[in-house]
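Step one of this worksheet: look at the structure below.
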Amino acid sequence: MNPRPSSGGRFVRRIVDRFQHAPEDTSEIWEAIQLARHPDRPYPLDYITRLCTDFEELHGDRAYGDDPAIVAGVGRYHDEPLAIIGEQKGRDTQERTYRNFGMPSPEGYRKGMRVIALAEKLDIPLVTLIDTPGAYPGAGAEQRGQGGAIAKSILAMVRTPVPTVAVIVGEGSSGGALALGVADRVLMMANSTYSVISPEGGAAILWRDASKARLAAGAFRPTASNCYRWGIVDAVIPEPPGGAHRDADAAAALLDTYLQRALRELRALPRAERVRQRRERFRRLGAHREFAVGDPGAIAAGRVELSTGAPVSPPPPAPAAEPGTPEPASPREG
Amino acid sequence: MSGKPIHVTVDRLRRFAHRPERPRRIEADDRSCPRCETHFRGEEMVRNARVCTACGYHFAISARDRLDHLAGEDGWRELWTELRAADPLQFTDLAPYPQRVRKAEADTGLGEAVVTADLEIRGQPCVAAVMDFGFMGGSMGSVVGEKVARACERAVERGVPLLVVTASGGARMQEGVLALMQMAKTIVAFEAVNEARLPIVVVLAHPTTGGVWASFAALGDVTYAEPGALIAFSGPRVIEQVTREKLPPDFGLAESQLHNGQVDAVVDRRELPERLGRLMAILERPDASGAQPLPLQWAQDGADRAARVAQGVAQAIPAIPRRIVDRVTKGNGKSE
């Protein structure tokens, strides 16, 4: 994508190499998860205060209420304005309850969308810091449209023309994390995790036993190295020895380095190009196999032929072929 | 061919030959309504679109049966049947993932949890992606994401509306974070349809939960739900486990989601083809090439007047024709 040889390439590669051979073993993965959830691990506000010289937090979705599980606002970052949305867990019991353990409600995502709109209006970059066990499951949240709020938050991040960087700083689980995770650059702190569901939730569904969380973690393999390998994240940000909780300042400094570089790269791109690349990237994510039509590996195609009306064309013959070109208006023969 | 000889008697062959033709649909079995216990034969189930005629209970319906029902006589054509799940995580829970997929394929006769098709509903052409809950709980893995995305692109290519019928438990756990990314992928694809200014109609069938409800299912321009369908990001069991909240019995049901403002209408499955056809007919735009530009005479008049006022030119208010005033105020013009 970027033809320039990157200055930090070797450094990045060294880190990545270390992770390429890393945690496949269940106990190691479980350790990574414990680190991602470490009670002393820096939360978005800890990073924001270290990254920004000044930060103004905004509150409320202007429709229903304010969600403390999401912090959003504008800050001064290297002498430039920056819009920030983060998911905040809370450190002691009282704050955890106040922050709802970092589980956002629809109001939180709508507050986030407000900040995205603000970033668009002022044409300033947007950074999201992800750390959540998932969106809040509750009757009230459902009533106020939890599903729609997450979907619209993703859509807003797909659409926005400003440079966007998402950083998974702790736990990134389920749609609650992805709601803020669709960005031009997706980065992950080395000891953070990113998965379709928390290990406990996955164990409850697949093993029908929440205590099988270790097993589930080993199966989901939600570590940074794996996410890098699958092409989900662009870079793994190293952490100070022992993990980010040992030295929040050093962790913030490392995050700062990567963030600056990502924003510099993105600013160099025209607006439309940024959006195009972002969309193309997320359009491609996934793993599937495609057989040729009539392959015994596939089930026999179409049962009913469309007799009249709309032009119908055969499905794309080759793997990875995209239906891009207009096809002739004749139904397939035979 | 294996070298094993096959021994059959003529009698058995004859019996085989005379076996009455089985109904085409594998699900077409007798059922009893779980709500009112009315009994239905297989062909009755098909005729009623798998809805109980006595109490309106909506049975689960397979994706292909639904397409048969929606398309009626017009027929439909399946697209991208040859897409199959990969196993990027080499995932094993109680059984290995590929084994689960094979079992689901054998049980349902489908390749994946979504069937994509070109079809016409009451003469309105569209591209449809119909999910099937029978295939691993309708869960969204990479293939479902890819097929939905291709359906979007095909709708754009053909310039026809996109119809999505959902029935899904959410993202497919067995594909891990890659399944999560399908939420983003489908929304990116939806955005292409939005840009092409084509309508997206979503029908939420039972159940639509998790990552599907939190992504493309919530982004339709018009959203219908089937009666009794569970529509929620977190299912009732998860909520009761996590929050110990006691949930009302109508939690997340289509009817209460209509009350909550999350869907546009609750539509009986038997009326769905009519409703969808009508909606698409309403939204059909005249062919762009043959369309006349809308007359903007009034707006232009207003702009001209505003410009004259700005220049300080006094405005003469045109006299309202007496005739019209009389008719409105005195009624029917009888007073004259």
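Ordering of the structure tokens sets the chain letters (A, B, ...); residue numbers start at 1 within each chain; ligands are numbered from 1 in the order shown.
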
When the cut-off is 6 Å and we count only C-alpha atoms, which residues of chain B are near chain A, given as a VMD selection string? chain B and resid 75 to 86 91 142 to 143 176 to 178 180 185 188 213 to 215 218 233 to 234 239 260

Per-residue DSSP, segment 47-160 of chain A, filtered to alpha helix (DSSP H), as a ChimeraX atom specification: /A:47-51,93-98,106-122,139-143,146-159

Which residues are close to Glu112 of chain B, i.e. within 10 Å by only C-alpha atoms, leaving aside same-chain residues fewer than 4 positions away? Reply as a ChimeraX atom specification. /B:81-85,101,104-105,108,131-132,134-136,138-141,143-144,147

Neighbouring residues of Ala155 of chain B were defined as those with any atom within 8 Å, considering only C-alpha atoms; residues of the same chain fewer than 5 positions away were excluded. Please report them as a short mmCIF file (atom, residue, chain, number, x, y, z; two decimals) with C-alpha atoms, in the first residue's frame.
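Now in selection39.cif:
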```
data_model
loop_
_atom_site.label_atom_id
_atom_site.label_comp_id
_atom_site.auth_asym_id
_atom_site.auth_seq_id
_atom_site.Cartn_x
_atom_site.Cartn_y
_atom_site.Cartn_z
CA CYS B 126 -34.61 -7.65 -6.46
CA VAL B 127 -31.59 -9.39 -5.03
CA VAL B 160 -32.54 -3.27 -8.06
CA PRO B 161 -33.55 -3.17 -4.38
CA LEU B 162 -31.83 -5.38 -1.83
CA VAL B 193 -26.15 0.11 -1.88
#
```

Which distance in Å separates atom CA of Ala268 of chain A and atom CA of Val165 of chain A, to one decimal?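 Atom CA of Ala268 of chain A sits 14.3 Å away from atom CA of Val165 of chain A.
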
Please provide as a list of chain:residue names all residues within 10 Å of Tyr47 of chain A, with the sequence filter that same-chain residues fewer than 3 positions apart are discarded (counting only C-alpha atoms).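 Residues near the query, excluding close chain neighbours: A:Pro42, A:Tyr43, A:Pro44, A:Arg50, A:Leu51, A:Cys52, A:Gly86, A:Leu129, A:Val169, A:Ala248, A:Asp249, A:Ala251, A:Ala252, A:Ala253, A:Leu255, A:Asp256.
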
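Close contacts of Pro270 of chain A, defined as residues with an atom at most 12 Å away when counting only C-alpha atoms, with chain neighbours fewer than 4 positions off set aside, comprise Pro161, Val162, Pro163, Glu265, Leu266, Arg274, Val275, Arg276 and Gln277 of chain A.
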
So that I can see what lies close to segment 266-275 of chain B, please list as a JSON list (two decimals) with N, CA and C atoms, in the first residue's frame the residues with an atom at most 7 Å from it, counting only C-alpha atoms and leaving out residues fewer than 4 positions away in the same chain.
```json
[["chain", "number", "residue", "atom", "x", "y", "z"],
["B", 49, "ALA", "N", -47.28, -21.37, 4.20],
["B", 49, "ALA", "CA", -45.97, -20.74, 4.45],
["B", 49, "ALA", "C", -45.50, -21.01, 5.88],
["B", 70, "LEU", "N", -41.76, -16.34, -1.33],
["B", 70, "LEU", "CA", -41.67, -14.93, -1.73],
["B", 70, "LEU", "C", -41.80, -14.78, -3.24],
["B", 121, "ILE", "N", -40.41, -10.43, -6.77],
["B", 121, "ILE", "CA", -41.51, -10.54, -5.82],
["B", 121, "ILE", "C", -42.66, -9.74, -6.38],
["B", 122, "ARG", "N", -43.72, -10.42, -6.75],
["B", 122, "ARG", "CA", -44.88, -9.77, -7.37],
["B", 122, "ARG", "C", -44.44, -8.86, -8.51],
["B", 224, "TYR", "N", -39.13, -4.71, 8.50],
["B", 224, "TYR", "CA", -40.30, -5.46, 8.93],
["B", 224, "TYR", "C", -39.83, -6.56, 9.89],
["B", 225, "ALA", "N", -40.75, -6.98, 10.74],
["B", 225, "ALA", "CA", -40.44, -8.12, 11.61],
["B", 225, "ALA", "C", -41.59, -9.11, 11.54],
["B", 226, "GLU", "N", -41.27, -10.38, 11.68],
["B", 226, "GLU", "CA", -42.33, -11.40, 11.71],
["B", 226, "GLU", "C", -42.90, -11.50, 13.12],
["B", 227, "PRO", "N", -44.19, -11.79, 13.24],
["B", 227, "PRO", "CA", -44.81, -11.88, 14.56],
["B", 227, "PRO", "C", -44.06, -12.88, 15.44],
["B", 254, "ALA", "N", -40.97, -9.14, 18.51],
["B", 254, "ALA", "CA", -41.21, -8.19, 17.42],
["B", 254, "ALA", "C", -42.24, -7.14, 17.82],
["B", 255, "GLU", "N", -43.30, -7.58, 18.50],
["B", 255, "GLU", "CA", -44.37, -6.66, 18.85],
["B", 255, "GLU", "C", -43.88, -5.60, 19.83],
["B", 279, "LEU", "N", -44.24, -2.37, -1.49],
["B", 279, "LEU", "CA", -43.22, -1.42, -1.04],
["B", 279, "LEU", "C", -42.23, -1.12, -2.16]]
```

For the structure I just gave you, how does DSSP split segment 133-207 of chain B - specifically, which residues are strand (DSSP E)? Reply as a ChimeraX atom specification. /B:162-168,200-207

Could you take the residues named above and write them with C-alpha atoms, as a CSV table (one decimal), in the first residue's frame?
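Ended up saving to result_29.csv:
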```csv
chain,number,residue,atom,x,y,z
B,162,LEU,CA,-31.8,-5.4,-1.8
B,163,LEU,CA,-33.9,-7.6,0.4
B,164,VAL,CA,-32.4,-9.2,3.5
B,165,VAL,CA,-34.3,-11.7,5.6
B,166,THR,CA,-32.5,-12.5,8.8
B,167,ALA,CA,-32.7,-15.4,11.2
B,168,SER,CA,-29.5,-15.7,13.1
B,200,ILE,CA,-32.7,-1.9,1.4
B,201,VAL,CA,-35.6,-3.8,2.9
B,202,VAL,CA,-34.9,-6.0,6.0
B,203,VAL,CA,-37.2,-8.6,7.3
B,204,LEU,CA,-36.4,-9.8,10.8
B,205,ALA,CA,-37.4,-13.4,11.3
B,206,HIS,CA,-37.1,-15.4,14.5
B,207,PRO,CA,-34.6,-15.0,16.0
```
